[in-house]
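Peer 1: Sharing run.cif, mmCIF, C-alpha atoms:
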data_model
loop_
_atom_site.group_PDB
_atom_site.id
_atom_site.type_symbol
_atom_site.label_atom_id
_atom_site.label_comp_id
_atom_site.auth_asym_id
_atom_site.auth_seq_id
_atom_site.Cartn_x
_atom_site.Cartn_y
_atom_site.Cartn_z
ATOM 1 C CA MET A 1 79.744 136.220 -89.644
ATOM 2 C CA LEU A 2 81.239 138.809 -87.331
ATOM 3 C CA GLU A 3 80.463 142.467 -87.916
ATOM 4 C CA ARG A 4 83.201 143.975 -85.782
ATOM 5 C CA PRO A 5 86.653 144.185 -87.437
ATOM 6 C CA SER A 6 89.182 141.820 -85.925
ATOM 7 C CA VAL A 7 92.792 140.812 -85.740
ATOM 8 C CA VAL A 8 92.558 137.040 -85.956
ATOM 9 C CA THR A 9 95.077 134.362 -85.044
ATOM 10 C CA PRO A 10 94.113 131.061 -86.727
ATOM 11 C CA GLY A 11 95.533 127.682 -85.738
ATOM 12 C CA ASN A 12 94.783 124.700 -83.525
ATOM 13 C CA HIS A 13 95.862 126.320 -80.263
ATOM 14 C CA ASP A 14 95.766 122.959 -78.465
ATOM 15 C CA GLY A 15 97.157 123.480 -74.983
ATOM 16 C CA VAL A 16 97.229 127.291 -75.329
ATOM 17 C CA HIS A 17 100.967 127.216 -74.627
ATOM 18 C CA LEU A 18 103.606 129.947 -74.706
ATOM 19 C CA GLY A 19 103.701 129.952 -78.505
ATOM 20 C CA HIS A 20 99.939 130.400 -78.737
ATOM 21 C CA ARG A 21 100.032 133.136 -76.120
ATOM 22 C CA ALA A 22 102.663 134.999 -78.136
ATOM 23 C CA LEU A 23 100.276 134.942 -81.116
ATOM 24 C CA ILE A 24 97.374 136.151 -78.988
ATOM 25 C CA ASP A 25 99.509 138.901 -77.428
ATOM 26 C CA ALA A 26 100.567 140.156 -80.858
ATOM 27 C CA ALA A 27 96.995 140.081 -82.136
ATOM 28 C CA LYS A 28 95.780 141.940 -79.079
ATOM 29 C CA ARG A 29 98.387 144.688 -79.462
ATOM 30 C CA ALA A 30 97.382 145.257 -83.090
ATOM 31 C CA ALA A 31 93.664 145.103 -82.282
ATOM 32 C CA ASP A 32 93.888 147.511 -79.348
ATOM 33 C CA GLU A 33 95.771 150.071 -81.445
ATOM 34 C CA ASN A 34 92.840 150.235 -83.863
ATOM 35 C CA GLY A 35 89.840 149.605 -81.625
ATOM 36 C CA TRP A 36 89.221 146.184 -83.173
ATOM 37 C CA GLN A 37 88.612 142.867 -81.445
ATOM 38 C CA THR A 38 91.157 140.134 -80.802
ATOM 39 C CA LEU A 39 89.852 136.925 -82.330
ATOM 40 C CA GLY A 40 91.107 133.385 -81.848
ATOM 41 C CA MET A 41 90.165 130.714 -84.342
ATOM 42 C CA PHE A 42 90.606 126.929 -84.495
ATOM 43 C CA PHE A 43 88.974 123.823 -85.927
ATOM 44 C CA ASP A 44 86.881 121.014 -84.493
ATOM 45 C CA PRO A 45 87.775 118.246 -84.943
ATOM 46 C CA HIS A 46 91.531 118.578 -85.380
ATOM 47 C CA PRO A 47 92.162 118.495 -89.170
ATOM 48 C CA THR A 48 94.400 115.429 -88.883
ATOM 49 C CA ALA A 49 91.497 113.503 -87.331
ATOM 50 C CA VAL A 50 89.653 113.951 -90.635
ATOM 51 C CA LEU A 51 92.518 113.746 -93.126
ATOM 52 C CA ALA A 52 94.626 111.002 -91.512
ATOM 53 C CA PRO A 53 92.756 109.529 -88.516
ATOM 54 C CA GLU A 54 95.535 107.042 -87.781
ATOM 55 C CA ARG A 55 97.869 109.976 -87.058
ATOM 56 C CA ALA A 56 95.378 112.144 -85.167
ATOM 57 C CA PRO A 57 96.933 113.594 -82.008
ATOM 58 C CA VAL A 58 95.401 113.110 -78.601
ATOM 59 C CA LEU A 59 94.163 116.527 -77.529
ATOM 60 C CA ILE A 60 95.755 118.351 -74.602
ATOM 61 C CA THR A 61 92.739 120.582 -74.015
ATOM 62 C CA ASP A 62 89.109 119.945 -74.950
ATOM 63 C CA ILE A 63 87.099 122.469 -76.973
ATOM 64 C CA PRO A 64 85.146 124.339 -74.253
ATOM 65 C CA ARG A 65 88.193 124.605 -72.009
ATOM 66 C CA ARG A 66 90.397 125.770 -74.874
ATOM 67 C CA VAL A 67 87.933 128.578 -75.664
ATOM 68 C CA GLU A 68 87.833 129.567 -71.992
ATOM 69 C CA ILE A 69 91.621 129.689 -71.665
ATOM 70 C CA MET A 70 92.066 131.587 -74.932
ATOM 71 C CA LYS A 71 89.643 134.229 -73.732
ATOM 72 C CA GLY A 72 91.512 134.405 -70.443
ATOM 73 C CA ALA A 73 94.740 134.869 -72.420
ATOM 74 C CA GLY A 74 93.395 137.946 -74.219
ATOM 75 C CA CYS A 75 90.954 136.918 -76.973
ATOM 76 C CA ASP A 76 87.720 138.902 -77.038
ATOM 77 C CA ASP A 77 86.072 136.031 -78.866
ATOM 78 C CA VAL A 78 86.962 132.624 -80.320
ATOM 79 C CA VAL A 79 85.571 131.126 -83.519
ATOM 80 C CA VAL A 80 85.459 127.319 -83.657
ATOM 81 C CA LEU A 81 85.044 126.141 -87.251
ATOM 82 C CA PRO A 82 83.758 122.638 -88.053
ATOM 83 C CA PHE A 83 86.321 120.763 -90.117
ATOM 84 C CA ASP A 84 85.217 118.061 -92.558
ATOM 85 C CA ASN A 85 86.227 116.681 -95.954
ATOM 86 C CA GLU A 86 84.373 119.451 -97.767
ATOM 87 C CA PHE A 87 86.225 122.109 -95.778
ATOM 88 C CA ALA A 88 89.506 120.305 -96.495
ATOM 89 C CA GLN A 89 88.937 120.818 -100.245
ATOM 90 C CA MET A 90 88.750 124.589 -99.845
ATOM 91 C CA SER A 91 91.359 126.433 -101.906
ATOM 92 C CA PRO A 92 93.659 128.951 -100.188
ATOM 93 C CA ASP A 93 91.895 131.803 -101.989
ATOM 94 C CA ARG A 94 88.483 130.644 -100.838
ATOM 95 C CA PHE A 95 89.804 130.183 -97.283
ATOM 96 C CA VAL A 96 90.918 133.805 -97.202
ATOM 97 C CA LYS A 97 87.649 135.108 -98.651
ATOM 98 C CA LYS A 98 85.160 132.893 -96.795
ATOM 99 C CA VAL A 99 86.913 132.339 -93.470
ATOM 100 C CA LEU A 100 89.214 135.285 -92.830
ATOM 101 C CA LEU A 101 87.339 138.081 -94.581
ATOM 102 C CA GLU A 102 83.688 137.049 -94.415
ATOM 103 C CA THR A 103 83.490 134.980 -91.210
ATOM 104 C CA CYS A 104 86.174 136.736 -89.148
ATOM 105 C CA CYS A 105 86.015 140.245 -90.667
ATOM 106 C CA ALA A 106 89.805 140.251 -90.491
ATOM 107 C CA LYS A 107 91.748 143.498 -90.672
ATOM 108 C CA GLY A 108 94.856 141.747 -89.451
ATOM 109 C CA VAL A 109 96.103 138.148 -89.292
ATOM 110 C CA VAL A 110 98.760 136.903 -86.867
ATOM 111 C CA VAL A 111 100.401 133.529 -87.536
ATOM 112 C CA GLY A 112 103.474 131.464 -86.776
ATOM 113 C CA PRO A 113 106.117 130.447 -89.356
ATOM 114 C CA ASP A 114 104.616 126.985 -89.979
ATOM 115 C CA PHE A 115 101.148 128.321 -90.838
ATOM 116 C CA HIS A 116 99.609 126.748 -93.953
ATOM 117 C CA PHE A 117 96.028 126.818 -95.120
ATOM 118 C CA GLY A 118 93.727 125.572 -97.847
ATOM 119 C CA HIS A 119 93.628 122.281 -99.756
ATOM 120 C CA LYS A 120 96.701 120.140 -99.029
ATOM 121 C CA ARG A 121 98.194 123.034 -97.048
ATOM 122 C CA SER A 122 98.965 124.766 -100.337
ATOM 123 C CA GLY A 123 98.622 128.277 -98.920
ATOM 124 C CA ASN A 124 101.568 129.739 -96.985
ATOM 125 C CA ILE A 125 102.788 133.005 -95.503
ATOM 126 C CA GLU A 126 103.569 134.524 -98.891
ATOM 127 C CA THR A 127 100.130 133.567 -100.190
ATOM 128 C CA LEU A 128 98.600 135.250 -97.161
ATOM 129 C CA ARG A 129 100.704 138.369 -97.566
ATOM 130 C CA GLY A 130 99.658 138.645 -101.194
ATOM 131 C CA TRP A 131 96.031 138.566 -100.179
ATOM 132 C CA GLY A 132 96.712 141.053 -97.397
ATOM 133 C CA ALA A 133 98.173 143.535 -99.873
ATOM 134 C CA ARG A 134 95.125 143.190 -102.144
ATOM 135 C CA GLU A 135 92.455 143.246 -99.444
ATOM 136 C CA ARG A 136 94.236 145.655 -97.115
ATOM 137 C CA PHE A 137 94.674 143.453 -94.055
ATOM 138 C CA SER A 138 97.961 143.206 -92.216
ATOM 139 C CA VAL A 139 99.904 139.968 -91.788
ATOM 140 C CA GLU A 140 102.212 139.561 -88.802
ATOM 141 C CA LEU A 141 104.588 136.654 -88.433
ATOM 142 C CA VAL A 142 105.464 135.716 -84.839
ATOM 143 C CA PRO A 143 108.568 133.550 -84.317
ATOM 144 C CA PRO A 144 108.405 130.364 -82.206
ATOM 145 C CA VAL A 145 108.861 130.664 -78.460
ATOM 146 C CA MET A 146 111.919 128.735 -77.343
ATOM 147 C CA HIS A 147 112.224 126.766 -74.109
ATOM 148 C CA GLY A 148 115.257 124.677 -73.245
ATOM 149 C CA GLY A 149 116.713 125.199 -76.706
ATOM 150 C CA GLU A 150 113.649 123.846 -78.510
ATOM 151 C CA ALA A 151 110.489 125.479 -79.828
ATOM 152 C CA VAL A 152 107.411 125.112 -77.653
ATOM 153 C CA SER A 153 104.732 123.164 -79.511
ATOM 154 C CA SER A 154 101.673 121.051 -78.817
ATOM 155 C CA THR A 155 103.523 118.035 -80.240
ATOM 156 C CA ARG A 156 106.395 118.556 -77.824
ATOM 157 C CA ILE A 157 104.043 118.915 -74.858
ATOM 158 C CA ARG A 158 102.241 115.693 -75.754
ATOM 159 C CA ARG A 159 105.572 113.886 -76.026
ATOM 160 C CA VAL A 160 106.819 115.139 -72.657
ATOM 161 C CA LEU A 161 103.564 114.139 -70.969
ATOM 162 C CA ARG A 162 103.371 110.723 -72.608
ATOM 163 C CA GLU A 163 107.012 109.675 -72.444
ATOM 164 C CA GLU A 164 108.394 111.478 -69.401
ATOM 165 C CA GLY A 165 105.498 112.585 -67.242
ATOM 166 C CA ASP A 166 107.439 115.798 -66.573
ATOM 167 C CA VAL A 167 104.388 117.865 -65.675
ATOM 168 C CA GLU A 168 106.555 120.606 -64.154
ATOM 169 C CA ASP A 169 108.242 121.244 -67.508
ATOM 170 C CA VAL A 170 104.861 121.148 -69.215
ATOM 171 C CA ALA A 171 103.548 123.751 -66.757
ATOM 172 C CA ARG A 172 106.434 126.027 -67.690
ATOM 173 C CA MET A 173 105.556 125.663 -71.381
ATOM 174 C CA MET A 174 101.843 126.277 -70.827
ATOM 175 C CA THR A 175 102.122 128.811 -67.934
ATOM 176 C CA ARG A 176 99.614 126.668 -66.041
ATOM 177 C CA LEU A 177 99.263 123.095 -64.806
ATOM 178 C CA HIS A 178 98.250 120.348 -67.174
ATOM 179 C CA GLU A 179 94.728 119.409 -66.185
ATOM 180 C CA LEU A 180 92.044 116.785 -66.613
ATOM 181 C CA SER A 181 88.370 116.920 -65.687
ATOM 182 C CA GLY A 182 85.936 114.109 -65.053
ATOM 183 C CA VAL A 183 83.047 112.734 -63.056
ATOM 184 C CA VAL A 184 83.801 110.906 -59.822
ATOM 185 C CA VAL A 185 82.573 107.321 -60.164
ATOM 186 C CA ARG A 186 82.359 104.469 -57.704
ATOM 187 C CA GLY A 187 85.507 102.369 -57.510
ATOM 188 C CA ASP A 188 86.414 99.223 -55.602
ATOM 189 C CA GLN A 189 86.925 101.226 -52.356
ATOM 190 C CA ARG A 190 90.249 99.577 -51.541
ATOM 191 C CA GLY A 191 91.718 102.984 -50.748
ATOM 192 C CA ARG A 192 89.131 103.552 -48.044
ATOM 193 C CA GLU A 193 89.889 100.162 -46.549
ATOM 194 C CA ILE A 194 93.593 101.016 -46.122
ATOM 195 C CA GLY A 195 93.003 104.536 -44.799
ATOM 196 C CA PHE A 196 93.431 106.531 -48.009
ATOM 197 C CA PRO A 197 90.019 107.066 -49.624
ATOM 198 C CA THR A 198 90.246 108.012 -53.283
ATOM 199 C CA ALA A 199 88.038 109.653 -55.862
ATOM 200 C CA ASN A 200 88.027 107.697 -59.117
ATOM 201 C CA LEU A 201 87.723 109.989 -62.112
ATOM 202 C CA GLU A 202 86.036 108.995 -65.334
ATOM 203 C CA ILE A 203 87.883 111.140 -67.861
ATOM 204 C CA GLY A 204 87.590 111.869 -71.552
ATOM 205 C CA PRO A 205 90.098 111.039 -74.319
ATOM 206 C CA LEU A 206 92.672 113.720 -73.486
ATOM 207 C CA GLN A 207 96.451 113.412 -73.222
ATOM 208 C CA LEU A 208 97.396 111.671 -69.991
ATOM 209 C CA PRO A 209 100.773 111.955 -68.306
ATOM 210 C CA LYS A 210 102.937 108.864 -68.106
ATOM 211 C CA ASP A 211 101.630 106.344 -65.560
ATOM 212 C CA GLY A 212 102.728 107.117 -62.035
ATOM 213 C CA VAL A 213 102.014 109.071 -58.869
ATOM 214 C CA TYR A 214 101.602 112.856 -58.946
ATOM 215 C CA SER A 215 100.956 115.727 -56.580
ATOM 216 C CA VAL A 216 97.782 117.488 -57.687
ATOM 217 C CA PHE A 217 95.544 120.441 -57.071
ATOM 218 C CA ALA A 218 91.818 119.851 -57.451
ATOM 219 C CA ARG A 219 88.549 121.744 -57.581
ATOM 220 C CA LEU A 220 84.900 120.646 -57.608
ATOM 221 C CA LEU A 221 83.389 122.167 -60.728
ATOM 222 C CA ASP A 222 79.751 121.990 -59.623
ATOM 223 C CA GLU A 223 80.437 124.138 -56.585
ATOM 224 C CA PRO A 224 81.297 127.762 -57.522
ATOM 225 C CA ALA A 225 82.778 128.453 -54.093
ATOM 226 C CA SER A 226 84.846 125.267 -54.050
ATOM 227 C CA PRO A 227 88.255 125.874 -52.489
ATOM 228 C CA LEU A 228 91.434 124.724 -54.161
ATOM 229 C CA LEU A 229 92.057 121.248 -52.781
ATOM 230 C CA HIS A 230 95.399 119.451 -52.432
ATOM 231 C CA GLY A 231 96.026 115.786 -53.038
ATOM 232 C CA VAL A 232 97.974 112.954 -54.587
ATOM 233 C CA ALA A 233 96.911 110.992 -57.657
ATOM 234 C CA ASN A 234 97.749 107.552 -59.003
ATOM 235 C CA LEU A 235 97.425 107.049 -62.729
ATOM 236 C CA GLY A 236 97.855 103.541 -64.053
ATOM 237 C CA VAL A 237 96.811 99.910 -63.844
ATOM 238 C CA ARG A 238 97.190 99.401 -60.063
ATOM 239 C CA PRO A 239 99.507 96.384 -60.387
ATOM 240 C CA THR A 240 99.411 95.437 -56.705
ATOM 241 C CA PHE A 241 95.753 94.445 -57.095
ATOM 242 C CA GLY A 242 95.586 93.887 -60.835
ATOM 243 C CA ALA A 243 92.570 96.150 -60.634
ATOM 244 C CA GLY A 244 92.668 97.751 -64.085
ATOM 245 C CA ARG A 245 93.429 101.210 -65.397
ATOM 246 C CA SER A 246 92.213 104.212 -63.426
ATOM 247 C CA LEU A 247 92.922 107.736 -62.235
ATOM 248 C CA GLU A 248 92.518 107.848 -58.466
ATOM 249 C CA VAL A 249 92.874 110.993 -56.355
ATOM 250 C CA HIS A 250 93.319 111.125 -52.587
ATOM 251 C CA LEU A 251 92.443 114.600 -51.258
ATOM 252 C CA PHE A 252 94.200 115.718 -48.091
ATOM 253 C CA GLY A 253 91.850 116.539 -45.229
ATOM 254 C CA PHE A 254 88.707 116.208 -47.336
ATOM 255 C CA ASP A 255 85.626 114.614 -45.808
ATOM 256 C CA GLY A 256 82.580 114.662 -48.021
ATOM 257 C CA GLU A 257 80.575 112.865 -50.677
ATOM 258 C CA LEU A 258 82.059 113.067 -54.173
ATOM 259 C CA TYR A 259 80.211 110.469 -56.250
ATOM 260 C CA GLY A 260 78.643 111.988 -59.343
ATOM 261 C CA LYS A 261 80.434 115.313 -58.942
ATOM 262 C CA ARG A 262 82.689 116.822 -61.586
ATOM 263 C CA MET A 263 86.273 117.426 -60.544
ATOM 264 C CA ARG A 264 89.195 119.104 -62.264
ATOM 265 C CA ILE A 265 92.722 118.162 -61.263
ATOM 266 C CA GLY A 266 95.979 119.856 -62.152
ATOM 267 C CA PHE A 267 99.210 117.847 -62.157
ATOM 268 C CA ALA A 268 101.839 119.764 -60.156
ATOM 269 C CA SER A 269 104.751 117.304 -59.979
ATOM 270 C CA ARG A 270 105.664 113.688 -60.656
ATOM 271 C CA ILE A 271 106.544 111.788 -57.494
ATOM 272 C CA ARG A 272 107.389 108.327 -58.832
ATOM 273 C CA GLY A 273 106.473 105.705 -61.369
ATOM 274 C CA GLU A 274 103.813 103.107 -60.746
ATOM 275 C CA ALA A 275 105.055 100.048 -58.832
ATOM 276 C CA LYS A 276 103.837 96.712 -57.502
ATOM 277 C CA PHE A 277 104.104 96.111 -53.744
ATOM 278 C CA ASP A 278 104.259 92.945 -51.658
ATOM 279 C CA GLY A 279 101.048 93.287 -49.714
ATOM 280 C CA LEU A 280 98.943 96.029 -48.131
ATOM 281 C CA ALA A 281 101.436 97.001 -45.428
ATOM 282 C CA ALA A 282 104.127 97.866 -47.969
ATOM 283 C CA LEU A 283 101.599 99.753 -50.074
ATOM 284 C CA GLN A 284 100.376 101.736 -47.050
ATOM 285 C CA ARG A 285 103.920 102.754 -46.135
ATOM 286 C CA GLN A 286 104.579 103.910 -49.697
ATOM 287 C CA ILE A 287 101.341 105.898 -49.855
ATOM 288 C CA GLU A 288 102.274 107.672 -46.624
ATOM 289 C CA GLN A 289 105.601 108.647 -48.185
ATOM 290 C CA ASP A 290 103.815 109.732 -51.375
ATOM 291 C CA CYS A 291 101.483 111.960 -49.378
ATOM 292 C CA ASP A 292 104.377 113.618 -47.547
ATOM 293 C CA GLN A 293 106.223 114.241 -50.818
ATOM 294 C CA ALA A 294 103.089 115.567 -52.478
ATOM 295 C CA LYS A 295 102.380 118.007 -49.650
ATOM 296 C CA ASN A 296 105.922 119.354 -49.848
ATOM 297 C CA ALA A 297 105.752 119.644 -53.621
ATOM 298 C CA LEU A 298 102.434 121.493 -53.561
ATOM 299 C CA GLN A 299 103.777 124.009 -51.068
ATOM 300 C CA GLN A 300 106.592 124.781 -53.500
ATOM 301 C CA THR A 301 104.371 125.109 -56.591
ATOM 302 C CA ARG A 302 104.044 128.694 -57.811
ATOM 303 C CA PRO A 303 100.441 129.801 -57.135
ATOM 304 C CA GLU A 304 99.991 131.320 -60.598
ATOM 305 C CA LEU A 305 100.470 127.899 -62.209
ATOM 306 C CA ALA A 306 97.351 126.623 -60.430
ATOM 307 C CA ARG A 307 95.177 129.656 -61.196
ATOM 308 C CA TRP A 308 93.179 127.867 -63.893
ATOM 309 C CA ILE A 309 92.259 124.811 -61.813
#
Please go through the file and, once you have read it, give me the structure as structure tokens.
Peer 2:
Amino acid sequence: MLERPSVVTPGNHDGVHLGHRALIDAAKRAADENGWQTLGMFFDPHPTAVLAPERAPVLITDIPRRVEIMKGAGCDDVVVLPFDNEFAQMSPDRFVKKVLLETCCAKGVVVGPDFHFGHKRSGNIETLRGWGARERFSVELVPPVMHGGEAVSSTRIRRVLREEGDVEDVARMMTRLHELSGVVVRGDQRGREIGFPTANLEIGPLQLPKDGVYSVFARLLDEPASPLLHGVANLGVRPTFGAGRSLEVHLFGFDGELYGKRMRIGFASRIRGEAKFDGLAALQRQIEQDCDQAKNALQQTRPELARWI
């Protein structure tokens, strides 16, 4: 239970995109006017993973990173509530009393138009406003943020990543590059043999872009003073060798040991789809072209999009 009054914005906040940032901005304005704290709140696991596992979305951002980004976006604190079948049975009235009032000490609640809460999503904006009038907390409704004629949403971002690999459009919707983190593991070392050593990342179950070749920024997470590195990544099954699915990153001008280190990469632009080549010579020529394209693309990437890498 929090003791300091808050303006809370509940939701899933996966990806912390423009729509989520609009909610956080509104909550922060209301909180600052009254000397309260701005509080983000979401569930772990995603409610759909409990209620309908077969329809559970692949997450864009894992829990620790989501908390970090939400705080960077303006939240003073973030509450992560465990979601299970017992929680799913909670009535809307009990949700307001136990979660918003008791746990979050809410003096204000900021939500989007599709916000529902309680058992079978039976609570809605009007339910919340009724409670606000009785318990004297404000309710602010923030409209969706539009981009390209369509509302920005986590579902839309997942679709664009999965079906199009348009990481530049995703960066515009999230105000930062889509990223993945993982431990560098030992691969088959074919890249080293052809003059393009790669770091093979072992990554968690997050939303991947469509298979292909991408320009990327990278940073070593175990080294606080690690510079922002530039590179090119191949995501896919490596059809030329039939070598299996992997995420391989070639870092420009890097010479050092990476095995066992944690690396975060941010996808800046899609260069091409994955392809099969007739032999090593053809593959080498293509990789050289990929590197040139990636270097040009990274030079043109707005620096603020890579600030979270």
Peer 1: Residues picked by the PyMOL selection byres ((chain A and resi 235) around 10) here, as a ChimeraX atom specification?
Peer 2: /A:208-214,233-234,236-238,245-249,273-274
Peer 1: When you count all atoms listed in the file, which of these residues is closest to Gly108 (chain A): A:Leu59, A:Val96, A:Ala31, A:Leu221?
Peer 2: A:Ala31
Peer 1: Can you give me, as an MDAnalysis selection string, the residues this file yields under the PyMOL selection byres ((chain A and resi 4-9) around 8)?
Peer 2: chainID A and resid 2:3 10:11 23:24 27:28 30:31 36:41 100 104:111
Peer 1: Excluding region 122-126 of chain A and its own-chain neighbours fewer than 6 positions away, which residues fall within 12 Å of it when counting only C-alpha atoms? Please give them as a PDB file with C-alpha atoms, keeping the file's coordinate frame.
Peer 2:
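As written to disk, part.pdb reads:
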ATOM      1  CA  ALA A  88      89.506 120.305 -96.495  1.00  0.00           C
ATOM      2  CA  GLN A  89      88.937 120.818-100.245  1.00  0.00           C
ATOM      3  CA  MET A  90      88.750 124.589 -99.845  1.00  0.00           C
ATOM      4  CA  SER A  91      91.359 126.433-101.906  1.00  0.00           C
ATOM      5  CA  PRO A  92      93.659 128.951-100.188  1.00  0.00           C
ATOM      6  CA  ASP A  93      91.895 131.803-101.989  1.00  0.00           C
ATOM      7  CA  ARG A  94      88.483 130.644-100.838  1.00  0.00           C
ATOM      8  CA  PHE A  95      89.804 130.183 -97.283  1.00  0.00           C
ATOM      9  CA  VAL A  96      90.918 133.805 -97.202  1.00  0.00           C
ATOM     10  CA  VAL A 109      96.103 138.148 -89.292  1.00  0.00           C
ATOM     11  CA  VAL A 110      98.760 136.903 -86.867  1.00  0.00           C
ATOM     12  CA  VAL A 111     100.401 133.529 -87.536  1.00  0.00           C
ATOM     13  CA  GLY A 112     103.474 131.464 -86.776  1.00  0.00           C
ATOM     14  CA  PRO A 113     106.117 130.447 -89.356  1.00  0.00           C
ATOM     15  CA  ASP A 114     104.616 126.985 -89.979  1.00  0.00           C
ATOM     16  CA  PHE A 115     101.148 128.321 -90.838  1.00  0.00           C
ATOM     17  CA  HIS A 116      99.609 126.748 -93.953  1.00  0.00           C
ATOM     18  CA  GLY A 132      96.712 141.053 -97.397  1.00  0.00           C
ATOM     19  CA  ALA A 133      98.173 143.535 -99.873  1.00  0.00           C
ATOM     20  CA  SER A 138      97.961 143.206 -92.216  1.00  0.00           C
ATOM     21  CA  VAL A 139      99.904 139.968 -91.788  1.00  0.00           C
ATOM     22  CA  GLU A 140     102.212 139.561 -88.802  1.00  0.00           C
ATOM     23  CA  LEU A 141     104.588 136.654 -88.433  1.00  0.00           C
ATOM     24  CA  VAL A 142     105.464 135.716 -84.839  1.00  0.00           C
TER      25      VAL A 142
END
Peer 1: Which one of A:Pro53, A:Pro144, A:Pro227, A:Gly182 sits closest to Gly19 (chain A) if you count all atoms listed in the file?
Peer 2: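 Residue with the minimum atom-to-atom distance to Gly19 (chain A): A:Pro144.
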Peer 1: Find the residue from A:Val216, A:Val183, A:Ala225, A:Leu177 that sits nearest to Lys295 (chain A); use all atoms listed in the file when measuring.
Peer 2: A:Val216
Peer 1: What are the closest atom pairs, with distances in Å to one decimal, for each residue of region 39-149 of chain A lying within 12 Å of region 197-204 of chain A, using only C-alpha atoms, rows by chain and rising residue number, as JSON lines?
Peer 2:
{"residue": "A:Val58", "atom": "CA", "partner": "A:Gly204", "partner_atom": "CA", "distance": 10.6}
{"residue": "A:Leu59", "atom": "CA", "partner": "A:Gly204", "partner_atom": "CA", "distance": 10.0}
{"residue": "A:Ile60", "atom": "CA", "partner": "A:Gly204", "partner_atom": "CA", "distance": 10.9}
{"residue": "A:Thr61", "atom": "CA", "partner": "A:Gly204", "partner_atom": "CA", "distance": 10.4}
{"residue": "A:Asp62", "atom": "CA", "partner": "A:Gly204", "partner_atom": "CA", "distance": 8.9}
{"residue": "A:Ile63", "atom": "CA", "partner": "A:Gly204", "partner_atom": "CA", "distance": 11.9}
Peer 1: Considering all atoms listed in the file, state which residue in the set A:Glu164, A:Ile309, A:Gly74, A:Phe196 is at the smallest distance from Leu280 (chain A).
Peer 2: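 The shortest atom-to-atom distance to Leu280 (chain A) comes from A:Phe196.
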Peer 1: I need the residue nearest Val79 (chain A) from this list: A:Pro64, A:Pro303, A:Pro224, A:Gly130. Use all atoms listed in the file for the distance.
Peer 2: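 Among A:Pro64, A:Pro303, A:Pro224, A:Gly130, it is A:Pro64 that comes nearest to Val79 (chain A).
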Peer 1: Applying 8 Å and only C-alpha atoms, which residues near Ile265 (chain A) remain after dropping the ones on its own chain fewer than 2 positions away? List them as a list in words.
Peer 2: Glu179, Leu180, Ser181, Val216, Phe217, Ala218, Arg219, Met263, Phe267 and Ile309 of chain A
Peer 1: Can you sort out the box for region 266-280 of chain A, edges along x, y and z, all listed atoms in, 8 Å on every side, with centre and edge lengths in Å to one decimal, as lines of an AutoDock Vina configuration file?
Peer 2:
center_x = 101.7
center_y = 106.4
center_z = -55.1
size_x = 27.4
size_y = 42.9
size_z = 30.0
Peer 1: If I take CA of Glu68 (chain A) and CA of Trp308 (chain A), how far is one from the other in Å, to one decimal?
Peer 2: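 CA of Trp308 (chain A) lies 9.9 Å from CA of Glu68 (chain A).
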Peer 1: With only C-alpha atoms as the atoms that count, which of A:Leu51, A:Ala268, A:Ala56, A:Met70 lies nearest to Gly165 (chain A)?
Peer 2: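 Going through A:Leu51, A:Ala268, A:Ala56, A:Met70 one by one, the smallest distance to Gly165 (chain A) is for A:Ala268.
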Peer 1: For CA of Arg172 (chain A) and CA of Gly148 (chain A), quote the distance in Å rounded to one decimal.
Peer 2: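 Distance reported for this atom pair: 10.5 Å.
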Peer 1: Find the distance between CA of Asp32 (chain A) and CA of Glu304 (chain A) and write it in Å to one decimal.
Peer 2: 25.5 Å
Peer 1: Name all residues at most 10 Å from Asp166 (chain A) (count all atoms listed in the file; drop same-chain ones fewer than 3 positions away) and give them as an mmCIF file with C-alpha atoms, in the frame of the given file.
Peer 2:
data_model
loop_
_atom_site.group_PDB
_atom_site.id
_atom_site.type_symbol
_atom_site.label_atom_id
_atom_site.label_comp_id
_atom_site.auth_asym_id
_atom_site.auth_seq_id
_atom_site.Cartn_x
_atom_site.Cartn_y
_atom_site.Cartn_z
ATOM 1 C CA ILE A 157 104.043 118.915 -74.858
ATOM 2 C CA ARG A 159 105.572 113.886 -76.026
ATOM 3 C CA VAL A 160 106.819 115.139 -72.657
ATOM 4 C CA LEU A 161 103.564 114.139 -70.969
ATOM 5 C CA ARG A 162 103.371 110.723 -72.608
ATOM 6 C CA GLU A 163 107.012 109.675 -72.444
ATOM 7 C CA ASP A 169 108.242 121.244 -67.508
ATOM 8 C CA VAL A 170 104.861 121.148 -69.215
ATOM 9 C CA ALA A 171 103.548 123.751 -66.757
ATOM 10 C CA PRO A 209 100.773 111.955 -68.306
ATOM 11 C CA LYS A 210 102.937 108.864 -68.106
ATOM 12 C CA PHE A 267 99.210 117.847 -62.157
ATOM 13 C CA ALA A 268 101.839 119.764 -60.156
ATOM 14 C CA SER A 269 104.751 117.304 -59.979
ATOM 15 C CA ARG A 270 105.664 113.688 -60.656
ATOM 16 C CA ILE A 271 106.544 111.788 -57.494
#
Peer 1: Can you list what the PyMOL selection byres ((chain A and resi 255-258) around 9) grabs from this structure, as a VMD selection string?
Peer 2: chain A and resid 183 to 185 199 220 251 to 254 259 to 263
